[in-house]
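The data block below is work07.txt; it holds compact mmCIF, C-alpha atoms and all ligand atoms.
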```
# COMPACT_ATOMS: atom_id res chain seq x y z
CA MET A 525 21.01 -39.26 6.99
CA ILE A 526 19.28 -42.39 8.21
CA VAL A 527 17.87 -45.23 6.11
CA VAL A 528 15.66 -47.83 7.77
CA MET A 529 15.41 -51.08 5.83
CA GLN A 530 12.17 -53.07 5.63
CA ALA A 531 11.76 -56.24 7.70
CA GLY A 532 12.93 -58.98 5.38
CA ALA A 533 15.18 -56.76 3.26
CA THR A 534 17.84 -58.95 1.69
CA GLU A 535 21.57 -58.58 2.20
CA GLU A 536 21.72 -57.58 -1.46
CA ASN A 537 19.20 -54.75 -0.86
CA ILE A 538 21.20 -53.52 2.13
CA GLN A 539 24.48 -53.60 0.24
CA ALA A 540 22.96 -51.67 -2.66
CA VAL A 541 21.89 -48.88 -0.26
CA ILE A 542 25.31 -48.83 1.42
CA ASP A 543 27.01 -48.58 -2.00
CA ARG A 544 24.78 -45.66 -2.95
CA MET A 545 25.49 -43.87 0.34
CA VAL A 546 29.24 -44.35 -0.09
CA GLU A 547 28.95 -43.04 -3.64
CA MET A 548 27.42 -39.88 -2.11
CA GLU A 549 30.42 -39.60 0.24
CA PHE A 550 28.63 -40.71 3.42
CA ASN A 551 30.44 -42.68 6.13
CA VAL A 552 28.01 -45.51 6.75
CA HIS A 553 27.29 -47.00 10.17
CA ARG A 554 25.26 -50.17 10.09
CA SER A 555 23.15 -51.37 12.95
CA THR A 556 21.35 -54.67 12.65
CA GLY A 557 18.33 -55.19 14.87
CA HIS A 558 16.05 -58.21 15.24
CA VAL A 559 13.67 -56.88 12.63
CA HIS A 560 15.18 -53.84 10.91
CA THR A 561 18.61 -52.89 9.69
CA VAL A 562 19.30 -49.17 10.13
CA LEU A 563 21.99 -47.40 8.12
CA GLY A 564 23.31 -44.11 9.45
CA GLY A 565 25.17 -41.83 7.04
CA VAL A 566 27.52 -39.17 8.39
CA GLY A 567 29.13 -36.42 6.28
CA GLY A 568 28.13 -36.80 2.68
CA LYS A 569 26.85 -34.34 0.16
CA GLN A 570 24.79 -31.41 1.39
CA GLU A 571 22.44 -31.60 -1.57
CA PHE A 572 20.75 -34.89 -2.34
CA ASP A 573 17.29 -36.21 -3.02
CA LEU A 574 15.96 -38.43 -0.23
CA ARG A 575 13.63 -40.12 -2.67
CA VAL A 576 16.65 -41.72 -4.33
CA PHE A 577 16.81 -43.94 -1.22
CA GLU A 578 13.08 -44.18 -0.57
CA VAL A 579 12.50 -45.88 -3.92
CA MET A 580 15.27 -48.45 -3.54
CA ASP A 581 14.28 -52.07 -3.02
CA GLY A 582 13.97 -53.09 0.61
CA VAL A 583 13.91 -49.51 2.00
CA LYS A 584 11.22 -48.67 4.56
CA GLU A 585 12.04 -44.99 5.11
CA ALA A 586 14.82 -42.44 4.75
CA HIS A 587 15.40 -39.27 6.78
CA ARG A 588 17.59 -36.26 6.46
CA ILE A 589 19.38 -35.11 9.62
CA ALA A 590 21.13 -31.93 8.43
CA SER A 591 18.81 -29.17 7.21
CA PRO A 592 18.86 -28.62 3.43
CA TYR A 593 19.61 -24.91 3.93
CA LYS A 594 22.91 -23.74 5.38
CA LEU A 595 23.09 -19.95 5.36
CA ALA A 596 19.50 -19.53 6.59
CA SER A 597 20.03 -22.00 9.42
CA ARG A 598 20.25 -20.88 13.05
CA HIS A 599 23.64 -22.71 13.28
CA PHE A 600 25.09 -20.21 10.84
CA ARG A 601 24.47 -17.30 13.23
CA PRO A 602 23.33 -18.63 16.60
CA GLY A 603 22.92 -15.12 18.01
CA GLY A 604 20.37 -14.12 15.36
CA THR A 605 20.55 -11.51 12.63
CA VAL A 606 19.49 -7.91 13.00
CA VAL A 607 18.51 -6.40 9.67
CA LYS A 608 19.07 -2.65 9.79
CA VAL A 609 17.01 -0.45 7.54
CA GLY A 610 17.54 3.26 8.11
CA GLY A 611 17.07 3.72 11.84
CA CYS A 612 14.98 0.55 12.12
CA GLU A 613 16.21 -2.81 13.34
CA PHE A 614 14.39 -6.02 12.47
CA GLY A 615 15.37 -8.70 14.98
CA GLY A 616 16.37 -6.21 17.69
CA SER A 617 14.49 -5.50 20.88
CA ARG A 618 11.86 -3.30 19.20
CA VAL A 619 8.98 -4.78 17.25
CA VAL A 620 8.89 -2.92 13.94
CA VAL A 621 5.43 -1.95 12.75
CA MET A 622 4.92 -1.53 9.00
CA ALA A 623 1.49 -0.28 8.07
CA GLY A 624 -0.38 1.33 5.23
CA PRO A 625 -2.81 0.55 2.46
CA SER A 626 -2.74 -2.54 0.30
CA SER A 627 -2.26 -0.31 -2.79
CA VAL A 628 -1.20 3.24 -3.39
CA GLU A 629 -4.32 4.74 -4.99
CA ASN A 630 -3.83 8.51 -5.19
CA ARG A 631 -1.98 11.38 -3.51
CA GLU A 632 -4.62 12.15 -0.94
CA GLN A 633 -5.12 8.52 0.11
CA ILE A 634 -1.43 7.82 0.59
CA GLU A 635 -0.78 11.14 2.33
CA ARG A 636 -3.63 10.47 4.76
CA SER A 637 -2.38 6.91 5.30
CA ALA A 638 1.13 8.12 6.11
CA GLU A 639 -0.24 10.64 8.56
CA ILE A 640 -2.38 8.01 10.32
CA VAL A 641 0.25 5.28 10.60
CA ALA A 642 3.02 7.68 11.66
CA ALA A 643 0.84 9.27 14.33
CA ALA A 644 -0.03 5.83 15.71
CA GLY A 645 3.66 4.87 15.95
CA ALA A 646 4.47 2.82 12.84
CA THR A 647 7.98 3.31 11.45
CA VAL A 648 7.52 1.92 7.93
CA ILE A 649 4.74 2.64 5.46
CA ARG A 650 3.65 -0.16 3.15
CA GLY A 651 1.79 0.23 -0.12
CA GLY A 652 1.80 -1.64 -3.39
CA ALA A 653 2.46 0.09 -6.70
CA PHE A 654 2.64 -3.26 -8.50
CA LYS A 655 -0.18 -5.47 -7.29
CA PRO A 656 -0.55 -9.20 -7.81
CA ARG A 657 -4.31 -9.76 -8.13
CA SER A 658 -6.19 -13.01 -8.57
CA SER A 659 -8.47 -11.37 -11.13
CA PRO A 660 -7.05 -9.77 -14.27
CA TYR A 661 -9.80 -7.13 -13.97
CA GLY A 662 -8.75 -5.89 -10.52
CA PHE A 663 -6.67 -2.79 -9.74
CA HIS A 664 -3.05 -3.55 -10.57
CA GLY A 665 -1.41 -0.48 -9.09
CA LEU A 666 -0.13 2.90 -10.25
CA GLY A 667 3.42 1.75 -11.03
CA GLU A 668 6.10 4.44 -10.82
CA GLU A 669 3.57 7.18 -10.11
CA GLY A 670 2.45 5.23 -7.04
CA LEU A 671 6.03 4.73 -5.88
CA ALA A 672 6.74 8.45 -6.14
CA LEU A 673 3.58 9.32 -4.17
CA LEU A 674 4.47 6.72 -1.54
CA ARG A 675 8.03 8.00 -1.14
CA ALA A 676 6.93 11.62 -0.87
CA ALA A 677 4.28 10.82 1.75
CA ALA A 678 6.76 8.68 3.71
CA ASP A 679 9.39 11.42 3.69
CA ARG A 680 6.93 14.00 4.93
CA HIS A 681 6.20 11.81 7.95
CA GLY A 682 9.65 10.36 8.65
CA LEU A 683 8.70 6.85 7.56
CA LEU A 684 10.62 4.14 5.70
CA VAL A 685 9.00 2.51 2.66
CA SER A 686 8.23 -1.13 1.84
CA SER A 687 6.76 -1.96 -1.56
CA GLU A 688 6.34 -5.04 -3.67
CA VAL A 689 8.48 -6.15 -6.59
CA MET A 690 6.73 -8.67 -8.83
CA ASP A 691 9.32 -9.11 -11.50
CA ILE A 692 13.09 -8.85 -12.04
CA THR A 693 12.61 -5.91 -14.39
CA GLN A 694 10.95 -3.89 -11.59
CA ILE A 695 13.88 -4.19 -9.14
CA PRO A 696 15.81 -1.06 -10.22
CA LEU A 697 12.67 1.08 -10.28
CA VAL A 698 11.25 -0.05 -6.93
CA SER A 699 14.74 0.18 -5.36
CA ARG A 700 14.90 3.87 -6.25
CA TYR A 701 11.83 4.62 -4.14
CA ALA A 702 11.60 1.88 -1.50
CA ASP A 703 13.81 0.95 1.45
CA ILE A 704 12.53 -2.62 1.57
CA LEU A 705 11.67 -4.80 -1.42
CA GLN A 706 8.63 -6.92 -0.64
CA ILE A 707 8.41 -10.30 -2.36
CA GLY A 708 4.82 -11.44 -2.39
CA ALA A 709 3.52 -14.86 -1.49
CA ARG A 710 2.97 -15.70 -5.15
CA ASN A 711 6.62 -15.08 -5.94
CA MET A 712 8.23 -16.91 -3.03
CA GLN A 713 9.49 -19.57 -5.41
CA ASN A 714 10.28 -17.34 -8.35
CA PHE A 715 13.88 -18.47 -8.30
CA ASN A 716 15.12 -16.09 -10.99
CA LEU A 717 13.75 -13.18 -8.97
CA LEU A 718 15.31 -14.55 -5.76
CA ARG A 719 18.69 -14.95 -7.44
CA GLU A 720 18.58 -11.36 -8.68
CA LEU A 721 17.66 -10.13 -5.18
CA GLY A 722 20.71 -11.99 -3.88
CA ALA A 723 22.85 -9.80 -6.11
CA GLN A 724 21.30 -6.59 -4.69
CA ARG A 725 22.10 -4.90 -1.41
CA LYS A 726 18.54 -3.87 -0.58
CA PRO A 727 16.69 -5.45 2.34
CA VAL A 728 14.13 -8.01 1.21
CA LEU A 729 10.85 -8.86 2.92
CA LEU A 730 10.18 -12.43 1.80
CA LYS A 731 6.61 -13.61 2.26
CA ARG A 732 5.69 -17.23 2.81
CA GLY A 733 3.99 -18.78 -0.21
CA ILE A 734 0.29 -19.56 -0.05
CA ALA A 735 0.96 -23.29 0.13
CA ALA A 736 4.59 -23.29 1.20
CA THR A 737 6.07 -25.24 4.07
CA ILE A 738 8.41 -23.47 6.48
CA GLU A 739 11.28 -25.46 5.00
CA GLU A 740 10.42 -24.14 1.54
CA LEU A 741 10.33 -20.58 2.89
CA LEU A 742 13.80 -21.04 4.38
CA LEU A 743 15.08 -22.57 1.14
CA SER A 744 13.80 -19.54 -0.74
CA ALA A 745 15.62 -17.28 1.72
CA GLU A 746 18.72 -19.41 1.12
CA HIS A 747 18.59 -18.47 -2.59
CA ILE A 748 18.89 -14.78 -1.64
CA LEU A 749 21.54 -15.34 1.04
CA ALA A 750 23.57 -17.52 -1.34
CA GLY A 751 23.89 -14.52 -3.64
CA GLY A 752 25.43 -12.50 -0.79
CA ASN A 753 22.43 -10.44 0.33
CA TYR A 754 22.03 -11.16 4.05
CA ASP A 755 19.34 -8.57 4.68
CA VAL A 756 16.37 -10.91 4.49
CA ILE A 757 13.28 -10.52 6.67
CA LEU A 758 10.83 -13.42 6.58
CA CYS A 759 7.08 -12.90 6.72
CA GLU A 760 4.31 -15.26 7.81
CA ARG A 761 1.18 -14.20 5.94
CA GLY A 762 -1.15 -17.15 6.32
CA ILE A 763 -1.40 -20.31 4.29
CA ARG A 764 -4.22 -22.00 2.41
CA THR A 765 -5.97 -24.70 4.40
CA PHE A 766 -9.43 -26.34 4.33
CA GLU A 767 -10.80 -23.61 6.66
CA THR A 768 -13.26 -21.19 5.06
CA TYR A 769 -14.04 -18.70 7.86
CA THR A 770 -10.79 -16.90 7.07
CA THR A 771 -9.25 -16.33 3.64
CA ASN A 772 -6.00 -17.89 4.86
CA THR A 773 -5.02 -19.64 8.05
CA MET A 774 -2.58 -17.49 9.98
CA ASP A 775 0.18 -19.82 11.15
CA ILE A 776 1.27 -18.19 14.40
CA SER A 777 3.29 -21.28 15.26
CA ALA A 778 5.52 -20.55 12.25
CA ILE A 779 7.03 -17.69 14.30
CA PRO A 780 8.62 -19.81 17.07
CA VAL A 781 9.40 -22.56 14.55
CA VAL A 782 11.34 -20.15 12.33
CA LYS A 783 13.04 -18.60 15.37
CA LYS A 784 14.42 -22.01 16.28
CA LEU A 785 15.41 -23.06 12.76
CA SER A 786 16.77 -19.78 11.44
CA HIS A 787 18.68 -16.66 12.53
CA LEU A 788 16.62 -14.45 10.21
CA PRO A 789 14.04 -12.03 11.63
CA ILE A 790 10.41 -12.91 11.05
CA VAL A 791 7.43 -10.57 10.89
CA ALA A 792 3.72 -11.34 10.66
CA ASP A 793 1.08 -10.07 8.25
CA PRO A 794 -2.28 -10.63 9.94
CA SER A 795 -4.13 -8.74 7.18
CA ASN A 796 -3.38 -11.18 4.38
CA GLY A 797 -3.09 -13.82 7.09
CA THR A 798 -6.82 -13.69 7.85
CA GLY A 799 -8.42 -11.63 5.08
CA ARG A 800 -10.95 -10.21 7.57
CA ARG A 801 -10.64 -6.84 9.30
CA ASP A 802 -12.09 -8.06 12.60
CA LYS A 803 -9.49 -10.85 12.84
CA VAL A 804 -6.48 -8.63 12.24
CA ALA A 805 -5.99 -7.17 15.72
CA PRO A 806 -6.29 -10.50 17.60
CA MET A 807 -3.73 -12.11 15.25
CA ALA A 808 -1.42 -9.09 15.48
CA ARG A 809 -1.52 -9.32 19.27
CA ALA A 810 -0.88 -13.07 19.11
CA ALA A 811 2.05 -12.62 16.71
CA VAL A 812 3.78 -10.14 19.02
CA ALA A 813 3.16 -12.43 22.00
CA ALA A 814 4.64 -15.32 19.97
CA GLY A 815 7.87 -13.41 19.36
CA ALA A 816 7.41 -11.76 15.95
CA ASP A 817 10.06 -9.16 15.13
CA GLY A 818 7.56 -6.98 13.36
CA LEU A 819 4.12 -6.62 11.84
CA LEU A 820 2.87 -5.76 8.38
CA ILE A 821 -0.64 -4.38 8.63
CA GLU A 822 -3.03 -3.01 6.05
CA VAL A 823 -4.59 0.27 7.15
CA HIS A 824 -6.70 2.51 4.91
CA PRO A 825 -8.25 5.93 5.61
CA ASP A 826 -11.50 4.73 4.00
CA PRO A 827 -11.39 0.93 3.71
CA ASP A 828 -14.97 0.71 2.39
CA HIS A 829 -13.81 2.40 -0.79
CA ALA A 830 -10.33 0.86 -1.08
CA LEU A 831 -9.29 -0.32 -4.55
CA SER A 832 -7.83 -3.50 -3.09
CA ASP A 833 -8.20 -5.52 0.12
CA GLY A 834 -10.58 -3.09 1.85
CA ALA A 835 -12.18 -5.91 3.85
CA GLN A 836 -8.90 -6.77 5.52
CA SER A 837 -7.74 -3.17 6.04
CA LEU A 838 -8.06 -1.61 9.48
CA ARG A 839 -9.84 1.68 9.93
CA PRO A 840 -7.56 4.42 11.31
CA GLU A 841 -9.00 4.30 14.83
CA GLN A 842 -8.71 0.50 14.92
CA PHE A 843 -5.02 0.73 14.07
CA THR A 844 -4.43 3.36 16.76
CA GLU A 845 -6.18 1.17 19.32
CA LEU A 846 -4.18 -1.88 18.26
CA MET A 847 -0.90 0.00 18.67
CA ALA A 848 -1.91 0.94 22.22
CA GLN A 849 -2.60 -2.73 22.99
CA LEU A 850 0.69 -3.84 21.48
CA ARG A 851 2.54 -1.40 23.72
CA ILE A 852 1.17 -3.37 26.66
CA ILE A 853 1.80 -6.84 25.19
CA ALA A 854 5.34 -6.31 23.89
CA PRO A 855 6.99 -5.66 27.28
CA ALA A 856 5.47 -8.89 28.62
CA VAL A 857 7.69 -10.77 26.14
CA GLY A 858 10.74 -8.58 26.62
CA ARG A 859 10.15 -6.28 23.64
CA SER A 860 9.04 -2.74 22.99
CA ILE A 861 7.12 -1.15 20.14
C1 LIG A 901 0.21 -7.51 0.06
O1 LIG A 901 0.93 -7.45 1.07
O2 LIG A 901 -0.50 -6.59 -0.34
C2 LIG A 901 0.16 -8.79 -0.68
C3 LIG A 901 -0.23 -8.85 -1.93
O3 LIG A 901 0.53 -9.83 0.09
P1 LIG A 901 0.75 -11.39 -0.25
O4 LIG A 901 1.85 -11.44 -1.26
O5 LIG A 901 1.14 -11.93 1.08
O6 LIG A 901 -0.55 -11.92 -0.76
MN MN A 902 -3.02 -6.44 -0.01
```
Translate the structure of the given file into structure tokens.
Ligand code: PEP
Ligand code: MN
Amino acid sequence: MIVVMQAGATEENIQAVIDRMVEMEFNVHRSTGHVHTVLGGVGGKQEFDLRVFEVMDGVKEAHRIASPYKLASRHFRPGGTVVKVGGCEFGGSRVVVMAGPSSVENREQIERSAEIVAAAGATVIRGGAFKPRSSPYGFHGLGEEGLALLRAAADRHGLLVSSEVMDITQIPLVSRYADILQIGARNMQNFNLLRELGAQRKPVLLKRGIAATIEELLLSAEHILAGGNYDVILCERGIRTFETYTTNTMDISAIPVVKKLSHLPIVADPSNGTGRRDKVAPMARAAVAAGADGLLIEVHPDPDHALSDGAQSLRPEQFTELMAQLRIIAPAVGRSI
């Protein structure tokens, strides 16, 4: 870590900071300039609160050098991690496409969805049976009945299943039907849930929180990895900003940033990322061009009558057209679909 002292900091101030750094097991290197004294700390505790130094008398600023996450860091596995789910590899040379409705609504809808996404080339079907909704009066999902319908439709079309878990108590149930446990944006910092997922051996799709920094996303992944579950797939799904033309602002730059900071695969969800059907394909194309390891896309056989997120769900023919475009874009960045 580095602590820069204010101009005019007293020798007493400087010594107090050095003492605190030594207490935290840092080797301190002092460099005294004309105006500022800079204290460099090497080694030291992995976990500490920078603000402890920032609030000390005479301190101008303090910076961390080592990242606060270890297991999620790129240094831990410089070659990258490939998360294998059935015959699918997240983080390999193929871009994995997960697609399907926001919610499982009924047998016919999910069967039709599976048929559409499989025919277009997706390998995983998505669909929520437990739905986090902003309004308590919205459709909250079919629960186990939805999971059973989803699994049956997936099996008929040779697809894997990704579905959301909202609560620790739902883990065993969703694990029986799904191949991937999706953790929604609203639960990214539900630390009890993350700890429990660390104790499982099911792949986890961890979505970025609505107002979470990339560092917070990686720290949340660290909670799962620390429990021994290394099958974590990160997901950029847009963040809340001051922009109002889209529901969320899709942070495409998070993809290369995460690639540099972490070994974990990262996929993009342009449906929740934009909240508007007409913005989904451009952002999906951009995500693949930016190096995403996969996509999570909402597709509905009849989006105008969807029980959730119809406005951001692609129509079947739009999804088919998008897949054809992605097959052209992926090879340009050394990938296939
Ligand atoms: C979803 O994928 O349907 C969903 C609810 O996503 P998020 O958690 O990103 O809002
Ligand atoms: Mn949705």
For atom CA of A:Leu683 and atom CA of A:Ala709, determine how far apart the two atoms are, in Å to one decimal place. 24.1 Å
Selected residue of minimal separation from A:His560 among A:Asn772, A:Thr534, A:Ser832, A:Asn714, counting all atoms listed in the file: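 Looking only at the distances to A:His560, the closest residue turns out to be A:Thr534.
Residues in contact with A:Arg618 at up to 7 Å, not including ones fewer than 4 positions away on its chain and judged by all atoms listed in the file, are Arg859, Ser860 and Ile861 of chain A.
Taking atom CA of A:Ala677 and atom CA of A:Ser795 as the two end points, the separation is 22.0 Å.
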One-decimal distance in Å that lies between atom CA of A:Met712 and atom CA of A:His747: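 Going from atom CA of A:His747 over to atom CA of A:Met712, I get 10.5 Å.
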Tell me, as a ChimeraX atom specification, which residues lie within 10 Å of A:Gln694, counting all atoms listed in the file; anything in the same chain fewer than 6 positions away does not count. /A:654,667-668,688
Exercise answer, 9 Å around ligand MN 902 (chain A) with only C-alpha atoms and all ligand atoms, as a VMD selection string: chain A and resid 625 to 627 651 to 652 655 to 657 795 to 796 822 832 to 834 836 to 837
Within 12 Å of A:Gly532, counting only C-alpha atoms, which residues qualify if same-chain residues fewer than 3 places away don't, as a list of chain:residue names? A:Val528, A:Met529, A:Glu535, A:Glu536, A:Asn537, A:Ile538, A:Thr556, A:Gly557, A:His558, A:Val559, A:His560, A:Thr561, A:Asp581, A:Gly582, A:Val583, A:Lys584
From the list A:Ile821, A:Met774, A:Ala723, A:Met525, which residue is nearest A:Asn753 when using only C-alpha atoms?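 Nearest candidate to A:Asn753 out of A:Ile821, A:Met774, A:Ala723, A:Met525: A:Ala723.
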